[in-house]
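> Pasting a structure here, questions to come.
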Amino acid sequence: MLAGKHILLIIGGGIAAFKSLDLIRRLRERGAEVTPVITKAGQEFVTPLSASGLSAQKVYTELFDLTDEAEMGHIELSRAADLVVVAPATADLLGKMAGGLANDLASTLLMATDKRVLVAPAMNVRMWEHPACQRNVATLKDDGVLFVGPNEGPMACGEYGPGRMSEPLEIVAAVEAALMDGPLKGKHVVVTSGPTHEPIDPVRYIANRSSGAQGTALARALSALGADVTFVTGPADVPPPGGVKVVAIQSAQDMLEAVKAAFPADAAVFAAAVADWRVASASDKKIKKDKKGSLPVLEFAENPDILATVSQMKKGRPELVVGFAAETNDVIAHATAKRERKGCDWIVANDVSPETGIMGGTENDVTLITDQGTEDWPRMGKDDVARQLAARIAEALDG
């Protein structure tokens, strides 16, 4: 899939650098040529010999190497690639990039390149969450730098949280999305994902058990096929994919407004598990227990129906509107009725009964319902479901 593509891989100084060796292997499996650049700190974790052996290329480490300057030069090295990838992208490297510093080979290449840059951050959770780091991230995103990760999980330092470098295959997918002229190139697809949180008071809310894994996988798969993806996500458990425009929301009303703002679009896929109801008058103060032990009475109001709203638009409706139906009984009957009632083109139906392990799990078992009938897919990983659905969407938009 990456045959003929040239990747300049900058390996920063972090424990996650060991993953970069596997990344080189994964990229080369797909036909890419990889030229490694290892920072001085990066050489404390991986050796130039290891990177050279895996890439079958010379490894660059020094800015002031007269032989290299005569052979290629840092300007040409920075522009000969189709994409510059920084993995791991440490807090130091992100800061240099955001500040326009160029005091070593890696930072000079990043300043001199005229190609797109994809970074895979990796650092301690406190460093990632530090205001200075977040300012740098915001600056880089505004500059057009692409991000993949970081993921959330346990770290080598013993802490837990966001800051883990994305896995090599996740980075490969982001590379493919940045480079490939796939069947969805030039198409804009809006994807919703995750749960919504409907406030009861400042500390309590109504939600559901959606992890956002399926919507995230779908956004990643669509992007890998070349689509320009706007990813509207509620407070999901899984991090958003790299290479897409992320719009974070909380409530159903927020999601509807974000979807409308993202249009026009060629397709819209509503994988989010939107709460059907909200508290009619959420309290602006924490609701306290009554001394008499009386329970508070909550009055509910119906949330906007985002799928129906978009499906029934008279002007500016996407060519293809896809909904999801998470059911616990009579799945096909309920999903078929939902497609007709909402007016969408397709419904992806699945059984989310607790015993299936699907909601919050790694697999899905879906049936695609269209005006042509029903199509049962075998149970498979959510990434596989996403790739299959993305391919069908590409076929539909091409036709």
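FYI, nothing fancy with the structure tokens labels: chains A, B, ... in order, residues from 1 per chain, ligands from 1 as they appear.
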Looking only at the backbone, which of the residues in range 150-295 of chain A does DSSP tag as strand (DSSP E or B), as a ChimeraX atom specification?
/A:151-154,160-164,188-193,195,198-201,204-206,228-233,245-248,267-270,273,277-279
> Can you tell me, as number ranges by chain, which residues in range 164-393 of chain A count as alpha helix (DSSP H) by DSSP?
A: 168-179, 213-224, 252-262, 306-311, 331-342, 382-393
> Find the residue from A:Ala80, A:Leu9, A:Val85, A:Met97 that sits nearest to Tyr60 in chain A; use only C-alpha atoms when measuring.
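Between A:Ala80, A:Leu9, A:Val85, A:Met97, the residue approaching Tyr60 in chain A most closely is A:Leu9.
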> Would you pick out the contacts of Ile369 in chain A at 12 Å or less, using only C-alpha atoms, so that residues sharing its chain but fewer than 3 positions from it are not included, and give the list as number ranges by chain?
A: 322-325, 331-340, 344-350, 366, 372-377, 389
> Pick out the residues sitting within 9 Å of Val229 in chain A, and hand them over as a PyMOL selection string; count only C-alpha atoms, and ignore anything fewer than 5 positions along from it in its own chain.
chain A and resi 187-191+219-220+222-223+243-246
> Which is closest to Val145 in chain A among A:Val84, A:Val238, A:Ile306, A:Ala271, if we use only C-alpha atoms?
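Of the candidates, the smallest distance to Val145 in chain A is held by A:Val84.
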> Need to verify the contact set: Asn124 in chain A, 12 Å, only C-alpha atoms, exclusion of same-chain residues closer than 5 positions in sequence. Can you return it as a CSV table (one decimal) with all heavy atoms, in the first residue's frame?

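Output contents, as saved in result_4.csv:
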chain,number,residue,atom,x,y,z
A,14,GLY,N,13.0,8.7,23.9
A,14,GLY,CA,12.1,8.2,24.9
A,14,GLY,C,12.1,6.7,24.9
A,14,GLY,O,12.5,6.1,23.9
A,15,ILE,N,11.6,6.1,26.0
A,15,ILE,CA,11.5,4.7,26.1
A,15,ILE,C,10.7,4.1,25.0
A,15,ILE,O,11.0,2.9,24.6
A,15,ILE,CB,11.0,4.3,27.5
A,15,ILE,CG1,11.1,2.8,27.7
A,15,ILE,CG2,9.5,4.7,27.6
A,15,ILE,CD1,12.5,2.3,27.8
A,16,ALA,N,9.8,4.8,24.4
A,16,ALA,CA,8.9,4.3,23.3
A,16,ALA,C,9.7,4.1,22.0
A,16,ALA,O,9.2,3.6,21.1
A,16,ALA,CB,7.7,5.2,23.1
A,89,ALA,N,7.7,11.3,19.4
A,89,ALA,CA,7.8,12.8,19.5
A,89,ALA,C,7.8,13.2,21.0
A,89,ALA,O,6.7,13.2,21.6
A,89,ALA,CB,6.6,13.4,18.7
A,90,THR,N,8.9,13.5,21.5
A,90,THR,CA,9.0,13.8,22.9
A,90,THR,C,8.5,15.3,23.2
A,90,THR,O,8.3,16.0,22.2
A,90,THR,CB,10.5,13.8,23.4
A,90,THR,OG1,11.3,14.7,22.6
A,90,THR,CG2,11.0,12.4,23.2
A,91,ALA,N,8.3,15.6,24.4
A,91,ALA,CA,7.9,17.0,24.8
A,91,ALA,C,9.0,18.0,24.3
A,91,ALA,O,8.6,19.1,23.8
A,91,ALA,CB,7.8,17.1,26.3
A,129,GLU,N,0.0,16.6,29.8
A,129,GLU,CA,-1.1,17.4,30.3
A,129,GLU,C,-0.6,18.8,30.7
A,129,GLU,O,-1.5,19.7,31.0
A,129,GLU,CB,-1.8,16.8,31.5
A,129,GLU,CG,-2.6,15.5,31.1
A,129,GLU,CD,-3.2,14.8,32.2
A,129,GLU,OE1,-2.8,15.1,33.4
A,129,GLU,OE2,-4.1,13.9,32.0
A,130,HIS,N,0.7,19.0,30.8
A,130,HIS,CA,1.2,20.3,31.2
A,130,HIS,C,0.7,21.4,30.2
A,130,HIS,O,0.7,21.2,29.0
A,130,HIS,CB,2.7,20.3,31.2
A,130,HIS,CG,3.3,21.5,31.9
A,130,HIS,ND1,3.4,22.7,31.4
A,130,HIS,CD2,3.8,21.6,33.2
A,130,HIS,CE1,4.0,23.6,32.2
A,130,HIS,NE2,4.2,22.9,33.3
A,133,CYS,N,3.0,22.1,27.2
A,133,CYS,CA,2.9,21.1,26.1
A,133,CYS,C,1.6,21.2,25.3
A,133,CYS,O,1.6,21.1,24.1
A,133,CYS,CB,3.0,19.7,26.8
A,133,CYS,SG,3.0,18.3,25.5
A,150,PRO,N,-1.5,10.7,21.6
A,150,PRO,CA,-1.0,9.5,22.3
A,150,PRO,C,-2.2,8.7,22.8
A,150,PRO,O,-3.3,9.2,23.0
A,150,PRO,CB,-0.2,10.1,23.4
A,150,PRO,CG,-0.9,11.4,23.8
A,150,PRO,CD,-1.3,11.9,22.4
A,151,ASN,N,-1.9,7.4,23.2
A,151,ASN,CA,-2.9,6.5,23.8
A,151,ASN,C,-2.8,6.7,25.3
A,151,ASN,O,-1.9,7.3,25.9
A,151,ASN,CB,-2.6,5.1,23.4
A,151,ASN,CG,-2.8,4.9,21.9
A,151,ASN,OD1,-3.5,5.7,21.2
A,151,ASN,ND2,-2.3,3.8,21.4
A,152,GLU,N,-3.8,6.1,25.9
A,152,GLU,CA,-3.9,6.1,27.4
A,152,GLU,C,-3.6,4.7,27.9
A,152,GLU,O,-4.0,3.7,27.3
A,152,GLU,CB,-5.3,6.5,27.8
A,152,GLU,CG,-5.5,6.7,29.3
A,152,GLU,CD,-6.9,7.3,29.7
A,152,GLU,OE1,-7.2,8.4,29.2
A,152,GLU,OE2,-7.6,6.6,30.4
A,153,GLY,N,-2.9,4.7,29.0
A,153,GLY,CA,-2.5,3.4,29.6
A,153,GLY,C,-1.4,3.5,30.6
A,153,GLY,O,-0.9,4.5,30.9
A,154,PRO,N,-1.0,2.3,31.1
A,154,PRO,CA,0.2,2.3,32.0
A,154,PRO,C,1.5,2.7,31.3
A,154,PRO,O,1.7,2.4,30.1
A,154,PRO,CB,0.2,0.8,32.5
A,154,PRO,CG,-0.4,0.0,31.4
A,154,PRO,CD,-1.5,0.9,30.8
A,155,MET,N,2.4,3.3,32.0
A,155,MET,CA,3.6,3.8,31.5
A,155,MET,C,4.8,3.2,32.2
A,155,MET,O,4.7,2.6,33.3
A,155,MET,CB,3.7,5.3,31.6
A,155,MET,CG,2.5,6.0,30.9
A,155,MET,SD,2.7,7.8,30.9
A,155,MET,CE,1.2,8.2,30.0
A,156,ALA,N,6.0,3.3,31.5
A,156,ALA,CA,7.2,2.7,32.1
A,156,ALA,C,7.5,3.3,33.5
A,156,ALA,O,8.1,2.7,34.3
A,156,ALA,CB,8.3,2.9,31.1
A,157,CYS,N,7.1,4.6,33.7
A,157,CYS,CA,7.4,5.3,34.9
A,157,CYS,C,6.4,4.8,36.1
A,157,CYS,O,6.6,5.2,37.2
A,157,CYS,CB,7.2,6.8,34.8
A,157,CYS,SG,5.6,7.3,34.2
A,158,GLY,N,5.4,4.0,35.7
A,158,GLY,CA,4.5,3.5,36.8
A,158,GLY,C,3.2,4.3,36.8
A,158,GLY,O,2.3,3.8,37.5
A,159,GLU,N,3.1,5.4,36.1
A,159,GLU,CA,1.8,6.2,36.1
A,159,GLU,C,0.9,5.7,35.0
A,159,GLU,O,1.3,4.9,34.1
A,159,GLU,CB,2.2,7.7,36.0
A,159,GLU,CG,3.0,8.2,37.2
A,159,GLU,CD,3.0,9.7,37.2
A,159,GLU,OE1,2.0,10.3,36.9
A,159,GLU,OE2,4.1,10.3,37.4
A,160,TYR,N,-0.3,6.2,35.1
A,160,TYR,CA,-1.3,5.8,34.1
A,160,TYR,C,-2.0,7.0,33.6
A,160,TYR,O,-2.3,7.9,34.3
A,160,TYR,CB,-2.4,4.9,34.8
A,160,TYR,CG,-3.4,4.3,33.9
A,160,TYR,CD1,-3.3,3.0,33.3
A,160,TYR,CD2,-4.5,5.1,33.5
A,160,TYR,CE1,-4.2,2.5,32.5
A,160,TYR,CE2,-5.5,4.6,32.6
A,160,TYR,CZ,-5.3,3.3,32.1
A,160,TYR,OH,-6.3,2.8,31.2
A,161,GLY,N,-2.2,7.0,32.2
A,161,GLY,CA,-2.9,8.1,31.6
A,161,GLY,C,-2.5,8.3,30.2
A,161,GLY,O,-1.8,7.5,29.6
A,162,PRO,N,-2.9,9.4,29.6
A,162,PRO,CA,-2.5,9.7,28.2
A,162,PRO,C,-1.1,10.0,28.1
A,162,PRO,O,-0.5,10.7,29.0
A,162,PRO,CB,-3.4,10.9,27.8
A,162,PRO,CG,-3.8,11.5,29.1
A,162,PRO,CD,-3.8,10.5,30.1
A,163,GLY,N,-0.4,9.5,27.1
A,163,GLY,CA,1.0,9.8,26.9
A,163,GLY,C,1.8,8.7,26.3
A,163,GLY,O,2.9,8.8,25.8
A,164,ARG,N,1.1,7.5,26.2
A,164,ARG,CA,1.8,6.3,25.6
A,164,ARG,C,1.8,6.5,24.0
A,164,ARG,O,0.8,7.0,23.5
A,164,ARG,CB,1.0,5.0,25.8
A,164,ARG,CG,1.1,4.5,27.2
A,164,ARG,CD,0.2,3.4,27.5
A,164,ARG,NE,0.3,2.3,26.5
A,164,ARG,CZ,1.0,1.2,26.6
A,164,ARG,NH1,1.6,1.0,27.8
A,164,ARG,NH2,1.0,0.2,25.7
A,165,MET,N,2.9,6.2,23.4
A,165,MET,CA,3.0,6.3,22.0
A,165,MET,C,2.1,5.3,21.3
A,165,MET,O,1.9,4.2,21.8
A,165,MET,CB,4.4,6.1,21.5
A,165,MET,CG,4.6,6.4,20.0
A,165,MET,SD,6.3,6.4,19.4
A,165,MET,CE,6.5,4.7,18.9
> When you look at Gly95 in chain A with a cut-off of 9 Å (counting only C-alpha atoms), what residues show up, excluding the ones that are within fewer than 3 positions of it in the same chain? I need them as a list in words.
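Residues meeting the cut-off are Thr90, Ala91, Asp92, Ala98, Gly99, Gly100, Leu101, Ala132, Cys133, Asn136 and Val137 of chain A.
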> Would you mind exporting all heavy atoms of the selected residues as a short mmCIF file (atom, residue, chain, number, x, y, z; two decimals), in the first residue's frame?

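Written out: out-v4.cif:
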data_model
loop_
_atom_site.label_atom_id
_atom_site.label_comp_id
_atom_site.auth_asym_id
_atom_site.auth_seq_id
_atom_site.Cartn_x
_atom_site.Cartn_y
_atom_site.Cartn_z
N THR A 90 8.92 13.49 21.51
CA THR A 90 9.03 13.85 22.92
C THR A 90 8.52 15.26 23.16
O THR A 90 8.32 16.05 22.22
CB THR A 90 10.48 13.75 23.37
OG1 THR A 90 11.27 14.69 22.60
CG2 THR A 90 11.04 12.35 23.15
N ALA A 91 8.33 15.61 24.42
CA ALA A 91 7.93 16.98 24.76
C ALA A 91 8.96 17.98 24.26
O ALA A 91 8.61 19.07 23.80
CB ALA A 91 7.76 17.10 26.28
N ASP A 92 10.24 17.60 24.32
CA ASP A 92 11.31 18.48 23.86
C ASP A 92 11.19 18.73 22.36
O ASP A 92 11.29 19.88 21.89
CB ASP A 92 12.66 17.86 24.20
CG ASP A 92 13.82 18.72 23.73
OD1 ASP A 92 14.01 19.82 24.29
OD2 ASP A 92 14.54 18.31 22.80
N ALA A 98 7.26 23.70 17.80
CA ALA A 98 6.32 24.82 18.00
C ALA A 98 7.05 26.14 18.09
O ALA A 98 6.54 27.18 17.67
CB ALA A 98 5.50 24.58 19.27
N GLY A 99 8.26 26.14 18.67
CA GLY A 99 9.02 27.37 18.84
C GLY A 99 9.89 27.73 17.67
O GLY A 99 10.53 28.79 17.67
N GLY A 100 9.99 26.85 16.66
CA GLY A 100 10.81 27.14 15.50
C GLY A 100 12.30 27.04 15.76
O GLY A 100 13.10 27.71 15.10
N LEU A 101 12.69 26.19 16.71
CA LEU A 101 14.11 26.01 17.02
C LEU A 101 14.73 25.00 16.07
O LEU A 101 14.06 24.08 15.60
CB LEU A 101 14.28 25.56 18.47
CG LEU A 101 13.71 26.49 19.54
CD1 LEU A 101 13.99 25.94 20.93
CD2 LEU A 101 14.29 27.89 19.40
N ALA A 132 2.09 24.01 29.02
CA ALA A 132 3.07 24.37 27.99
C ALA A 132 3.04 23.37 26.84
O ALA A 132 3.08 23.76 25.66
CB ALA A 132 4.47 24.44 28.60
N CYS A 133 2.95 22.09 27.19
CA CYS A 133 2.89 21.06 26.14
C CYS A 133 1.61 21.19 25.33
O CYS A 133 1.63 21.10 24.09
CB CYS A 133 3.00 19.67 26.77
SG CYS A 133 3.05 18.34 25.54
N ASN A 136 1.86 23.94 22.90
CA ASN A 136 2.68 23.54 21.75
C ASN A 136 1.89 22.66 20.79
O ASN A 136 1.97 22.82 19.57
CB ASN A 136 3.93 22.81 22.23
CG ASN A 136 4.91 23.71 22.95
OD1 ASN A 136 4.92 24.92 22.73
ND2 ASN A 136 5.73 23.13 23.81
N VAL A 137 1.11 21.74 21.35
CA VAL A 137 0.28 20.86 20.52
C VAL A 137 -0.73 21.68 19.71
O VAL A 137 -0.91 21.46 18.51
CB VAL A 137 -0.43 19.82 21.39
CG1 VAL A 137 -1.50 19.07 20.59
CG2 VAL A 137 0.57 18.83 21.98
#
> Using only C-alpha atoms, which residues sit within 12 Å of Pro296 in chain A once same-chain residues fewer than 6 positions away are excluded, as a compact mmCIF listing (two decimals) with N, CA, C and O atoms, in the first residue's frame?

# COMPACT_ATOMS: atom_id res chain seq x y z
N ILE A 200 -27.04 16.42 34.77
CA ILE A 200 -28.10 16.52 35.78
C ILE A 200 -27.82 17.75 36.64
O ILE A 200 -28.71 18.54 36.93
N ASP A 201 -26.57 17.87 37.05
CA ASP A 201 -26.07 19.03 37.77
C ASP A 201 -24.58 19.11 37.44
O ASP A 201 -24.10 18.34 36.58
N SER A 283 -29.64 21.37 36.96
CA SER A 283 -29.31 22.31 38.02
C SER A 283 -27.92 22.89 37.81
O SER A 283 -27.01 22.19 37.36
N LYS A 286 -24.85 21.58 42.61
CA LYS A 286 -24.98 20.17 42.96
C LYS A 286 -26.26 19.95 43.78
O LYS A 286 -26.53 20.67 44.74
N ILE A 287 -27.04 18.96 43.35
CA ILE A 287 -28.28 18.65 44.05
C ILE A 287 -27.95 17.92 45.36
O ILE A 287 -27.27 16.90 45.36
N LYS A 288 -28.43 18.47 46.47
CA LYS A 288 -28.15 17.91 47.79
C LYS A 288 -29.26 16.96 48.24
O LYS A 288 -30.41 17.08 47.79
N LYS A 289 -28.90 16.06 49.13
CA LYS A 289 -29.90 15.18 49.71
C LYS A 289 -30.87 15.98 50.57
O LYS A 289 -30.47 16.88 51.31
N ASP A 290 -32.13 15.60 50.47
CA ASP A 290 -33.14 16.21 51.33
C ASP A 290 -33.02 15.62 52.74
O ASP A 290 -32.85 14.41 52.92
> Given the choices A:Gly194, A:Gly381, A:Pro202, A:Pro304, which gets closest to Val232 in chain A if the distance is worked out from only C-alpha atoms?
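Answer, going by the shortest atom-to-atom distance: A:Gly194.
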> Find, counting only C-alpha atoms, the residue in A:Thr139, A:Ser107, A:Thr370, A:Ser251 that gets nearest to Ala275 in chain A.
A:Ser251
> Counting only C-alpha atoms, figure out which residue out of A:Leu146, A:Val46, A:Ala17, A:Val310 gets nearest to Phe263 in chain A.
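Smallest distance to Phe263 in chain A is found for A:Val310.
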> Record the distance separating CA of Ala120 in chain A and CA of Thr47 in chain A, expressed in Å with one decimal.
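Atom-to-atom, CA of Ala120 in chain A to CA of Thr47 in chain A, that is 19.7 Å.
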> Quick one: of A:Glu299, A:Asp266, A:Asp351, A:Asp330, who's nearest to Gly316 in chain A, counting only C-alpha atoms?
A:Asp266
